[in-house]
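Novice: PDB, C-alpha atoms, pLDDT in the B column, saved as coords-v9.pdb, coming up:
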```
ATOM      1  CA  MET A   1     323.035  -9.701 176.941  1.00 52.00           C
ATOM      2  CA  ALA A   2     320.683 -10.682 179.762  1.00 57.00           C
ATOM      3  CA  GLU A   3     321.817 -10.045 183.256  1.00 63.00           C
ATOM      4  CA  ALA A   4     322.172 -13.126 185.446  1.00 66.00           C
ATOM      5  CA  VAL A   5     319.676 -13.253 188.289  1.00 65.00           C
ATOM      6  CA  HIS A   6     320.763 -14.622 191.596  1.00 74.00           C
ATOM      7  CA  PRO A   7     318.656 -17.724 192.538  1.00 73.00           C
ATOM      8  CA  GLY A   8     317.737 -16.223 195.915  1.00 80.00           C
ATOM      9  CA  GLU A   9     316.496 -13.023 194.234  1.00 86.00           C
ATOM     10  CA  GLU A  10     314.282 -15.006 191.834  1.00 87.00           C
ATOM     11  CA  ARG A  11     312.770 -16.889 194.757  1.00 89.00           C
ATOM     12  CA  ARG A  12     312.023 -13.585 196.592  1.00 90.00           C
ATOM     13  CA  ARG A  13     310.256 -12.256 193.479  1.00 90.00           C
ATOM     14  CA  GLU A  14     308.181 -15.431 193.205  1.00 91.00           C
ATOM     15  CA  ASN A  15     307.312 -15.237 196.909  1.00 90.00           C
ATOM     16  CA  ARG A  16     306.247 -11.575 196.519  1.00 92.00           C
ATOM     17  CA  ARG A  17     304.031 -12.473 193.539  1.00 93.00           C
ATOM     18  CA  LEU A  18     302.502 -15.350 195.499  1.00 92.00           C
ATOM     19  CA  LEU A  19     301.934 -13.105 198.529  1.00 92.00           C
ATOM     20  CA  THR A  20     300.262 -10.498 196.308  1.00 94.00           C
ATOM     21  CA  ARG A  21     297.990 -13.101 194.727  1.00 94.00           C
ATOM     22  CA  LEU A  22     297.063 -14.613 198.080  1.00 92.00           C
ATOM     23  CA  SER A  23     296.374 -11.146 199.519  1.00 92.00           C
ATOM     24  CA  VAL A  24     294.046 -10.346 196.610  1.00 93.00           C
ATOM     25  CA  VAL A  25     292.241 -13.678 197.066  1.00 91.00           C
ATOM     26  CA  ALA A  26     291.879 -13.038 200.826  1.00 90.00           C
ATOM     27  CA  MET A  27     290.468  -9.533 200.217  1.00 91.00           C
ATOM     28  CA  LEU A  28     288.027 -10.899 197.617  1.00 89.00           C
ATOM     29  CA  MET A  29     286.866 -13.608 200.044  1.00 88.00           C
ATOM     30  CA  PHE A  30     286.429 -11.022 202.810  1.00 84.00           C
ATOM     31  CA  GLY A  31     284.399  -8.777 200.479  1.00 82.00           C
ATOM     32  CA  PHE A  32     282.337 -11.737 199.293  1.00 82.00           C
ATOM     33  CA  GLY A  33     281.483 -12.580 202.926  1.00 79.00           C
ATOM     34  CA  PHE A  34     280.152  -9.061 203.484  1.00 74.00           C
ATOM     35  CA  ALA A  35     278.237  -9.143 200.191  1.00 78.00           C
ATOM     36  CA  LEU A  36     276.489 -12.386 201.195  1.00 76.00           C
ATOM     37  CA  VAL A  37     274.455 -10.749 203.981  1.00 75.00           C
ATOM     38  CA  PRO A  38     272.421  -8.323 201.800  1.00 76.00           C
ATOM     39  CA  PHE A  39     272.298 -10.933 199.029  1.00 75.00           C
ATOM     40  CA  TYR A  40     270.830 -13.495 201.484  1.00 74.00           C
ATOM     41  CA  GLU A  41     268.290 -10.936 202.765  1.00 73.00           C
ATOM     42  CA  ARG A  42     267.187 -10.128 199.185  1.00 74.00           C
ATOM     43  CA  ILE A  43     266.807 -13.804 198.294  1.00 73.00           C
ATOM     44  CA  CYS A  44     264.769 -14.463 201.461  1.00 68.00           C
ATOM     45  CA  LEU A  45     262.591 -11.414 200.766  1.00 66.00           C
ATOM     46  CA  ALA A  46     262.030 -12.496 197.143  1.00 67.00           C
ATOM     47  CA  LEU A  47     261.127 -16.050 198.178  1.00 65.00           C
ATOM     48  CA  GLY A  48     259.128 -14.960 201.243  1.00 61.00           C
ATOM     49  CA  VAL A  49     261.111 -17.139 203.653  1.00 64.00           C
ATOM     50  CA  ASN A  50     262.946 -16.395 206.899  1.00 62.00           C
ATOM     51  CA  SER A  51     261.774 -12.797 206.920  1.00 57.00           C
ATOM     52  CA  LEU A  52     262.408 -11.268 210.310  1.00 54.00           C
ATOM     53  CA  VAL A  53     261.311  -7.762 209.380  1.00 51.00           C
ATOM     54  CA  GLU A  54     258.399  -8.323 207.011  1.00 52.00           C
ATOM     55  CA  ARG A  55     255.128  -7.038 208.376  1.00 55.00           C
ATOM     56  CA  SER A  56     251.874  -8.112 206.836  1.00 53.00           C
ATOM     57  CA  GLU A  57     249.609  -5.453 205.445  1.00 54.00           C
ATOM     58  CA  LEU A  58     246.290  -4.808 207.114  1.00 53.00           C
ATOM     59  CA  PRO A  59     243.747  -7.256 205.751  1.00 49.00           C
ATOM     60  CA  ALA A  60     242.002  -5.977 202.644  1.00 53.00           C
ATOM     61  CA  ASN A  61     239.070  -8.301 203.203  1.00 54.00           C
ATOM     62  CA  THR A  62     237.977  -8.412 206.833  1.00 60.00           C
ATOM     63  CA  GLN A  63     235.578 -11.312 206.338  1.00 83.00           C
ATOM     64  CA  ILE A  64     235.786 -13.720 209.230  1.00 88.00           C
ATOM     65  CA  ASP A  65     235.086 -17.358 208.459  1.00 90.00           C
ATOM     66  CA  THR A  66     233.003 -18.286 211.513  1.00 90.00           C
ATOM     67  CA  SER A  67     232.265 -21.720 210.054  1.00 93.00           C
ATOM     68  CA  ARG A  68     235.778 -22.899 210.988  1.00 95.00           C
ATOM     69  CA  THR A  69     237.978 -22.725 214.022  1.00 96.00           C
ATOM     70  CA  VAL A  70     241.732 -23.167 213.971  1.00 97.00           C
ATOM     71  CA  THR A  71     243.608 -23.866 217.192  1.00 97.00           C
ATOM     72  CA  VAL A  72     246.864 -21.915 217.425  1.00 97.00           C
ATOM     73  CA  GLU A  73     249.271 -23.521 219.883  1.00 97.00           C
ATOM     74  CA  LEU A  74     251.850 -21.091 221.280  1.00 97.00           C
ATOM     75  CA  ASP A  75     255.396 -22.182 222.049  1.00 96.00           C
ATOM     76  CA  ALA A  76     258.451 -20.273 223.334  1.00 96.00           C
ATOM     77  CA  ASN A  77     262.158 -21.116 223.574  1.00 94.00           C
ATOM     78  CA  ALA A  78     265.349 -19.266 224.491  1.00 92.00           C
ATOM     79  CA  HIS A  79     268.274 -20.960 222.749  1.00 91.00           C
ATOM     80  CA  HIS A  80     271.153 -21.389 225.251  1.00 90.00           C
ATOM     81  CA  MET A  81     270.263 -18.127 227.028  1.00 91.00           C
ATOM     82  CA  ALA A  82     269.545 -17.202 230.633  1.00 90.00           C
ATOM     83  CA  TRP A  83     266.053 -15.998 229.721  1.00 93.00           C
ATOM     84  CA  ARG A  84     262.702 -17.355 230.839  1.00 95.00           C
ATOM     85  CA  PHE A  85     260.304 -17.076 227.911  1.00 96.00           C
ATOM     86  CA  ARG A  86     256.695 -18.252 227.804  1.00 97.00           C
ATOM     87  CA  PRO A  87     253.336 -17.459 226.217  1.00 97.00           C
ATOM     88  CA  LEU A  88     250.744 -16.145 228.684  1.00 97.00           C
ATOM     89  CA  GLU A  89     248.279 -18.660 227.222  1.00 97.00           C
ATOM     90  CA  SER A  90     249.215 -21.998 225.684  1.00 97.00           C
ATOM     91  CA  HIS A  91     246.684 -21.934 222.839  1.00 97.00           C
ATOM     92  CA  VAL A  92     243.921 -19.825 221.307  1.00 97.00           C
ATOM     93  CA  ALA A  93     240.910 -20.737 219.159  1.00 97.00           C
ATOM     94  CA  VAL A  94     240.801 -18.543 216.065  1.00 96.00           C
ATOM     95  CA  HIS A  95     238.354 -18.090 213.204  1.00 96.00           C
ATOM     96  CA  PRO A  96     240.258 -17.453 209.947  1.00 95.00           C
ATOM     97  CA  GLY A  97     240.191 -13.712 209.222  1.00 92.00           C
ATOM     98  CA  GLU A  98     239.734 -12.813 212.909  1.00 93.00           C
ATOM     99  CA  LEU A  99     242.227 -10.374 214.442  1.00 93.00           C
ATOM    100  CA  VAL A 100     243.912 -11.977 217.477  1.00 96.00           C
ATOM    101  CA  HIS A 101     246.174 -10.503 220.159  1.00 97.00           C
ATOM    102  CA  VAL A 102     248.386 -12.754 222.329  1.00 97.00           C
ATOM    103  CA  GLU A 103     251.199 -11.941 224.735  1.00 97.00           C
ATOM    104  CA  TYR A 104     254.470 -13.523 225.747  1.00 97.00           C
ATOM    105  CA  GLU A 105     256.409 -12.911 228.944  1.00 97.00           C
ATOM    106  CA  ILE A 106     260.171 -12.791 228.922  1.00 96.00           C
ATOM    107  CA  SER A 107     262.593 -12.417 231.830  1.00 95.00           C
ATOM    108  CA  ASN A 108     266.355 -11.970 231.809  1.00 95.00           C
ATOM    109  CA  VAL A 109     267.636 -13.994 234.765  1.00 94.00           C
ATOM    110  CA  HIS A 110     271.270 -13.328 233.821  1.00 90.00           C
ATOM    111  CA  GLY A 111     273.432 -10.844 235.726  1.00 90.00           C
ATOM    112  CA  SER A 112     273.877  -8.522 232.743  1.00 92.00           C
ATOM    113  CA  ALA A 113     271.922  -7.104 229.813  1.00 92.00           C
ATOM    114  CA  ILE A 114     271.443  -9.359 226.779  1.00 92.00           C
ATOM    115  CA  THR A 115     270.286  -8.540 223.245  1.00 93.00           C
ATOM    116  CA  ALA A 116     268.474 -11.241 221.278  1.00 94.00           C
ATOM    117  CA  GLN A 117     266.281 -11.731 218.217  1.00 94.00           C
ATOM    118  CA  ALA A 118     263.203 -13.962 218.104  1.00 95.00           C
ATOM    119  CA  VAL A 119     262.781 -16.214 215.084  1.00 94.00           C
ATOM    120  CA  PRO A 120     259.292 -17.592 214.368  1.00 94.00           C
ATOM    121  CA  SER A 121     258.509 -21.016 212.963  1.00 94.00           C
ATOM    122  CA  TYR A 122     255.226 -22.689 212.097  1.00 95.00           C
ATOM    123  CA  GLY A 123     253.882 -26.193 212.144  1.00 93.00           C
ATOM    124  CA  PRO A 124     252.797 -27.385 209.683  1.00 94.00           C
ATOM    125  CA  ALA A 125     255.315 -25.441 207.605  1.00 90.00           C
ATOM    126  CA  LEU A 126     252.740 -24.439 204.972  1.00 93.00           C
ATOM    127  CA  ALA A 127     250.792 -22.559 207.664  1.00 93.00           C
ATOM    128  CA  GLY A 128     253.468 -19.848 207.678  1.00 91.00           C
ATOM    129  CA  GLN A 129     252.249 -18.488 204.350  1.00 93.00           C
ATOM    130  CA  TYR A 130     248.727 -17.973 205.778  1.00 94.00           C
ATOM    131  CA  PHE A 131     249.840 -16.519 209.114  1.00 93.00           C
ATOM    132  CA  ARG A 132     249.800 -12.692 208.954  1.00 93.00           C
ATOM    133  CA  LYS A 133     251.507 -10.820 211.799  1.00 94.00           C
ATOM    134  CA  LEU A 134     250.609  -7.146 212.152  1.00 92.00           C
ATOM    135  CA  GLU A 135     252.551  -6.534 215.359  1.00 93.00           C
ATOM    136  CA  CYS A 136     255.275  -8.731 216.777  1.00 94.00           C
ATOM    137  CA  PHE A 137     258.265  -8.487 219.098  1.00 94.00           C
ATOM    138  CA  CYS A 138     260.071 -10.603 216.494  1.00 92.00           C
ATOM    139  CA  PHE A 139     260.266  -7.642 214.092  1.00 92.00           C
ATOM    140  CA  LYS A 140     263.269  -6.213 215.966  1.00 93.00           C
ATOM    141  CA  GLN A 141     266.025  -7.175 218.380  1.00 93.00           C
ATOM    142  CA  GLN A 142     265.130  -7.073 222.069  1.00 94.00           C
ATOM    143  CA  THR A 143     267.497  -5.940 224.811  1.00 93.00           C
ATOM    144  CA  LEU A 144     266.628  -6.880 228.379  1.00 94.00           C
ATOM    145  CA  ALA A 145     268.535  -5.523 231.360  1.00 94.00           C
ATOM    146  CA  ALA A 146     269.629  -7.872 234.124  1.00 94.00           C
ATOM    147  CA  GLY A 147     266.527  -9.026 236.022  1.00 95.00           C
ATOM    148  CA  GLU A 148     264.107  -7.265 233.630  1.00 95.00           C
ATOM    149  CA  THR A 149     260.743  -8.847 232.812  1.00 96.00           C
ATOM    150  CA  ARG A 150     258.669  -7.706 229.887  1.00 95.00           C
ATOM    151  CA  VAL A 151     255.316  -8.645 228.338  1.00 97.00           C
ATOM    152  CA  MET A 152     255.461  -8.538 224.549  1.00 96.00           C
ATOM    153  CA  PRO A 153     252.530  -8.648 222.106  1.00 96.00           C
ATOM    154  CA  VAL A 154     251.804 -10.469 218.876  1.00 96.00           C
ATOM    155  CA  THR A 155     248.798  -9.378 216.811  1.00 95.00           C
ATOM    156  CA  PHE A 156     247.903 -11.607 213.879  1.00 95.00           C
ATOM    157  CA  TYR A 157     245.204 -13.117 211.753  1.00 94.00           C
ATOM    158  CA  ILE A 158     245.039 -16.301 209.732  1.00 95.00           C
ATOM    159  CA  ASP A 159     244.243 -15.873 206.061  1.00 93.00           C
ATOM    160  CA  PRO A 160     240.859 -17.491 205.286  1.00 92.00           C
ATOM    161  CA  ALA A 161     242.550 -19.173 202.286  1.00 92.00           C
ATOM    162  CA  LEU A 162     244.215 -21.581 204.764  1.00 94.00           C
ATOM    163  CA  PRO A 163     243.463 -25.117 203.526  1.00 95.00           C
ATOM    164  CA  GLU A 164     240.409 -26.585 205.264  1.00 94.00           C
ATOM    165  CA  ASP A 165     242.289 -29.659 206.469  1.00 95.00           C
ATOM    166  CA  VAL A 166     244.597 -27.524 208.657  1.00 95.00           C
ATOM    167  CA  ARG A 167     242.872 -27.331 212.037  1.00 96.00           C
ATOM    168  CA  THR A 168     245.888 -26.744 214.296  1.00 97.00           C
ATOM    169  CA  ILE A 169     248.853 -24.425 213.812  1.00 97.00           C
ATOM    170  CA  THR A 170     251.838 -24.276 216.146  1.00 96.00           C
ATOM    171  CA  LEU A 171     253.448 -20.848 216.392  1.00 96.00           C
ATOM    172  CA  SER A 172     256.875 -21.238 217.952  1.00 95.00           C
ATOM    173  CA  TYR A 173     259.337 -18.457 218.763  1.00 96.00           C
ATOM    174  CA  THR A 174     262.975 -19.091 219.586  1.00 95.00           C
ATOM    175  CA  PHE A 175     265.156 -16.280 220.932  1.00 95.00           C
ATOM    176  CA  PHE A 176     268.797 -16.340 219.829  1.00 93.00           C
ATOM    177  CA  GLU A 177     271.403 -14.097 221.415  1.00 92.00           C
ATOM    178  CA  VAL A 178     272.813 -11.497 219.027  1.00 89.00           C
ATOM    179  CA  ALA A 179     276.537 -12.194 219.222  1.00 78.00           C
ATOM    180  CA  GLY A 180     278.757  -9.301 220.192  1.00 69.00           C
ATOM    181  CA  LEU A 181     275.997  -6.903 221.245  1.00 56.00           C
ATOM    182  CA  GLY A 182     275.546  -7.860 224.886  1.00 54.00           C
ATOM    183  CA  GLY A 183     273.216  -5.180 226.200  1.00 50.00           C
ATOM    184  CA  LYS A 184     273.555  -2.815 223.226  1.00 53.00           C
ATOM    185  CA  SER A 185     270.799  -2.631 220.639  1.00 50.00           C
TER     186      SER A 185
END
```
As structure tokens, please, write out the structure in this file.

Specialist:
Amino acid sequence: MAEAVHPGEERRRENRRLLTRLSVVAMLMFGFGFALVPFYERICLALGVNSLVERSELPANTQIDTSRTVTVELDANAHHMAWRFRPLESHVAVHPGELVHVEYEISNVHGSAITAQAVPSYGPALAGQYFRKLECFCFKQQTLAAGETRVMPVTFYIDPALPEDVRTITLSYTFFEVAGLGGKS
């Protein structure tokens, strides 16, 4: 004969089962959140978008197309940060295939060290696939001490396959603070 179960005991068992299920779901969600970061990086790498660490190879064909000139406008922003950030020149005239070196100046006017990452963007958007950076401060996080000023380089070339109707490219960098790092890199 089956033993009678007290109604309060049955409820405790159901609550324990529910707690166990909810705990498993919470752990799976937490693990899924951590798994999204490398998954996102792989997808971006595969699609060639939003790559902060990708460096272009040295140009295989060093032919410079002197029949065209593309104006590269340089822009700089520090998103909600106490940094002054500016290009040392506002624009450069570039022949596709020509190696170009530009510099940006950045100053931390905050009272403590800050770590940030620069994210590039291009206008028109299709220009990004023809813009080849060989050296760039955007490849890694930057930590500036309080009051520090630094000049940072960008070396690039524009692929001669850039469509002929594109005569101006805007290269814009925006620095975003790396949350939780402060002055640690």

Novice: Could you tell me which residues the PyMOL selection byres ((chain A and resi 127) around 9) returns for this structure, as a list in words?

Specialist: Tyr122, Gly123, Pro124, Ala125, Leu126, Gly128, Gln129, Tyr130, Phe131, Ile158, Leu162, Pro163, Val166, Ile169 and Thr170 of chain A

Novice: One number please: atom CA of Phe139 of chain A to atom CA of Ile106 of chain A, in Å, one decimal.

Specialist: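 Computed distance, atom CA of Phe139 of chain A to atom CA of Ile106 of chain A, equals 15.7 Å.
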
Novice: Written as a VMD selection string, which residues does the PyMOL selection byres ((chain A and resi 115) around 12) give for the file shown?

Specialist: chain A and resid 78 81 to 83 108 110 112 to 114 116 to 118 140 to 146 175 to 185

Novice: Give me, please, the distance in Å between atom CA of Ile64 of chain A and atom CA of His91 of chain A, quoted to one decimal.

Specialist: 19.3 Å

Novice: Quote the spacing between atom CA of Thr155 of chain A and atom CA of Gln63 of chain A in Å to one decimal place.

Specialist: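 Atom CA of Gln63 of chain A lies at a distance of 17.0 Å from atom CA of Thr155 of chain A.
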
Novice: Counting all atoms listed in the file, which residue out of A:Gly8, A:Gly33, A:Pro38, A:Gly97 sits closest to Asp159 of chain A?

Specialist: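 Ranked by minimum distance to Asp159 of chain A, first place goes to A:Gly97.
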
Novice: Which residue gives the smallest distance to Asp75 of chain A among A:Ser121, A:Asn15, A:Ser23, A:Ser107, with all atoms listed in the file counted?

Specialist: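 Closest residue, counting all atoms listed in the file: A:Ser121.
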
Novice: Could you please fill out segment 107-118 of chain A with all heavy atoms and send it back as a PDB file, keeping the file's coordinate frame?

Specialist:
```pdb
ATOM      1  N   SER A 107     261.812 -12.908 230.700  1.00 95.00           N
ATOM      2  CA  SER A 107     262.593 -12.417 231.830  1.00 95.00           C
ATOM      3  C   SER A 107     264.060 -12.733 231.603  1.00 95.00           C
ATOM      4  O   SER A 107     264.402 -13.853 231.224  1.00 95.00           O
ATOM      5  CB  SER A 107     262.159 -13.087 233.134  1.00 95.00           C
ATOM      6  OG  SER A 107     260.809 -12.818 233.406  1.00 95.00           O
ATOM      7  N   ASN A 108     264.909 -11.763 231.866  1.00 95.00           N
ATOM      8  CA  ASN A 108     266.355 -11.970 231.809  1.00 95.00           C
ATOM      9  C   ASN A 108     266.814 -12.313 233.220  1.00 95.00           C
ATOM     10  O   ASN A 108     266.834 -11.458 234.095  1.00 95.00           O
ATOM     11  CB  ASN A 108     267.061 -10.703 231.306  1.00 95.00           C
ATOM     12  CG  ASN A 108     268.567 -10.867 231.231  1.00 95.00           C
ATOM     13  OD1 ASN A 108     269.114 -11.897 231.599  1.00 95.00           O
ATOM     14  ND2 ASN A 108     269.235  -9.828 230.764  1.00 95.00           N
ATOM     15  N   VAL A 109     267.191 -13.561 233.435  1.00 94.00           N
ATOM     16  CA  VAL A 109     267.636 -13.994 234.765  1.00 94.00           C
ATOM     17  C   VAL A 109     269.161 -13.988 234.859  1.00 94.00           C
ATOM     18  O   VAL A 109     269.722 -14.468 235.830  1.00 94.00           O
ATOM     19  CB  VAL A 109     267.065 -15.391 235.114  1.00 94.00           C
ATOM     20  CG1 VAL A 109     265.561 -15.332 235.230  1.00 94.00           C
ATOM     21  CG2 VAL A 109     267.478 -16.443 234.097  1.00 94.00           C
ATOM     22  N   HIS A 110     269.809 -13.435 233.851  1.00 90.00           N
ATOM     23  CA  HIS A 110     271.270 -13.328 233.821  1.00 90.00           C
ATOM     24  C   HIS A 110     271.692 -12.058 234.563  1.00 90.00           C
ATOM     25  O   HIS A 110     270.908 -11.144 234.735  1.00 90.00           O
ATOM     26  CB  HIS A 110     271.744 -13.287 232.358  1.00 90.00           C
ATOM     27  CG  HIS A 110     273.215 -13.478 232.208  1.00 90.00           C
ATOM     28  ND1 HIS A 110     274.073 -12.420 232.098  1.00 90.00           N
ATOM     29  CD2 HIS A 110     273.985 -14.600 232.136  1.00 90.00           C
ATOM     30  CE1 HIS A 110     275.303 -12.879 231.967  1.00 90.00           C
ATOM     31  NE2 HIS A 110     275.278 -14.203 231.991  1.00 90.00           N
ATOM     32  N   GLY A 111     272.923 -11.982 234.966  1.00 90.00           N
ATOM     33  CA  GLY A 111     273.432 -10.844 235.726  1.00 90.00           C
ATOM     34  C   GLY A 111     273.770  -9.620 234.897  1.00 90.00           C
ATOM     35  O   GLY A 111     274.187  -8.605 235.452  1.00 90.00           O
ATOM     36  N   SER A 112     273.595  -9.692 233.581  1.00 92.00           N
ATOM     37  CA  SER A 112     273.877  -8.522 232.743  1.00 92.00           C
ATOM     38  C   SER A 112     272.871  -8.457 231.602  1.00 92.00           C
ATOM     39  O   SER A 112     272.150  -9.414 231.335  1.00 92.00           O
ATOM     40  CB  SER A 112     275.308  -8.595 232.181  1.00 92.00           C
ATOM     41  OG  SER A 112     275.443  -9.732 231.355  1.00 92.00           O
ATOM     42  N   ALA A 113     272.848  -7.304 230.926  1.00 92.00           N
ATOM     43  CA  ALA A 113     271.922  -7.104 229.813  1.00 92.00           C
ATOM     44  C   ALA A 113     272.285  -8.029 228.648  1.00 92.00           C
ATOM     45  O   ALA A 113     273.450  -8.338 228.423  1.00 92.00           O
ATOM     46  CB  ALA A 113     271.966  -5.653 229.353  1.00 92.00           C
ATOM     47  N   ILE A 114     271.258  -8.483 227.936  1.00 92.00           N
ATOM     48  CA  ILE A 114     271.443  -9.359 226.779  1.00 92.00           C
ATOM     49  C   ILE A 114     270.539  -8.870 225.652  1.00 92.00           C
ATOM     50  O   ILE A 114     269.389  -8.503 225.888  1.00 92.00           O
ATOM     51  CB  ILE A 114     271.093 -10.827 227.113  1.00 92.00           C
ATOM     52  CG1 ILE A 114     272.004 -11.369 228.208  1.00 92.00           C
ATOM     53  CG2 ILE A 114     271.172 -11.708 225.873  1.00 92.00           C
ATOM     54  CD1 ILE A 114     271.647 -12.770 228.673  1.00 92.00           C
ATOM     55  N   THR A 115     271.071  -8.875 224.430  1.00 93.00           N
ATOM     56  CA  THR A 115     270.286  -8.540 223.245  1.00 93.00           C
ATOM     57  C   THR A 115     270.057  -9.820 222.457  1.00 93.00           C
ATOM     58  O   THR A 115     270.992 -10.598 222.243  1.00 93.00           O
ATOM     59  CB  THR A 115     271.018  -7.511 222.366  1.00 93.00           C
ATOM     60  OG1 THR A 115     271.191  -6.314 223.130  1.00 93.00           O
ATOM     61  CG2 THR A 115     270.230  -7.185 221.114  1.00 93.00           C
ATOM     62  N   ALA A 116     268.810 -10.030 222.023  1.00 94.00           N
ATOM     63  CA  ALA A 116     268.474 -11.241 221.278  1.00 94.00           C
ATOM     64  C   ALA A 116     267.416 -10.930 220.229  1.00 94.00           C
ATOM     65  O   ALA A 116     266.760  -9.885 220.273  1.00 94.00           O
ATOM     66  CB  ALA A 116     267.972 -12.321 222.235  1.00 94.00           C
ATOM     67  N   GLN A 117     267.264 -11.847 219.293  1.00 94.00           N
ATOM     68  CA  GLN A 117     266.281 -11.731 218.217  1.00 94.00           C
ATOM     69  C   GLN A 117     265.426 -12.994 218.234  1.00 94.00           C
ATOM     70  O   GLN A 117     265.957 -14.103 218.297  1.00 94.00           O
ATOM     71  CB  GLN A 117     266.987 -11.610 216.863  1.00 94.00           C
ATOM     72  CG  GLN A 117     266.071 -11.595 215.666  1.00 94.00           C
ATOM     73  CD  GLN A 117     265.438 -10.246 215.435  1.00 94.00           C
ATOM     74  OE1 GLN A 117     266.106  -9.237 215.474  1.00 94.00           O
ATOM     75  NE2 GLN A 117     264.149 -10.227 215.204  1.00 94.00           N
ATOM     76  N   ALA A 118     264.112 -12.814 218.152  1.00 95.00           N
ATOM     77  CA  ALA A 118     263.203 -13.962 218.104  1.00 95.00           C
ATOM     78  C   ALA A 118     262.983 -14.370 216.649  1.00 95.00           C
ATOM     79  O   ALA A 118     262.793 -13.529 215.779  1.00 95.00           O
ATOM     80  CB  ALA A 118     261.863 -13.614 218.743  1.00 95.00           C
TER      81      ALA A 118
END
```
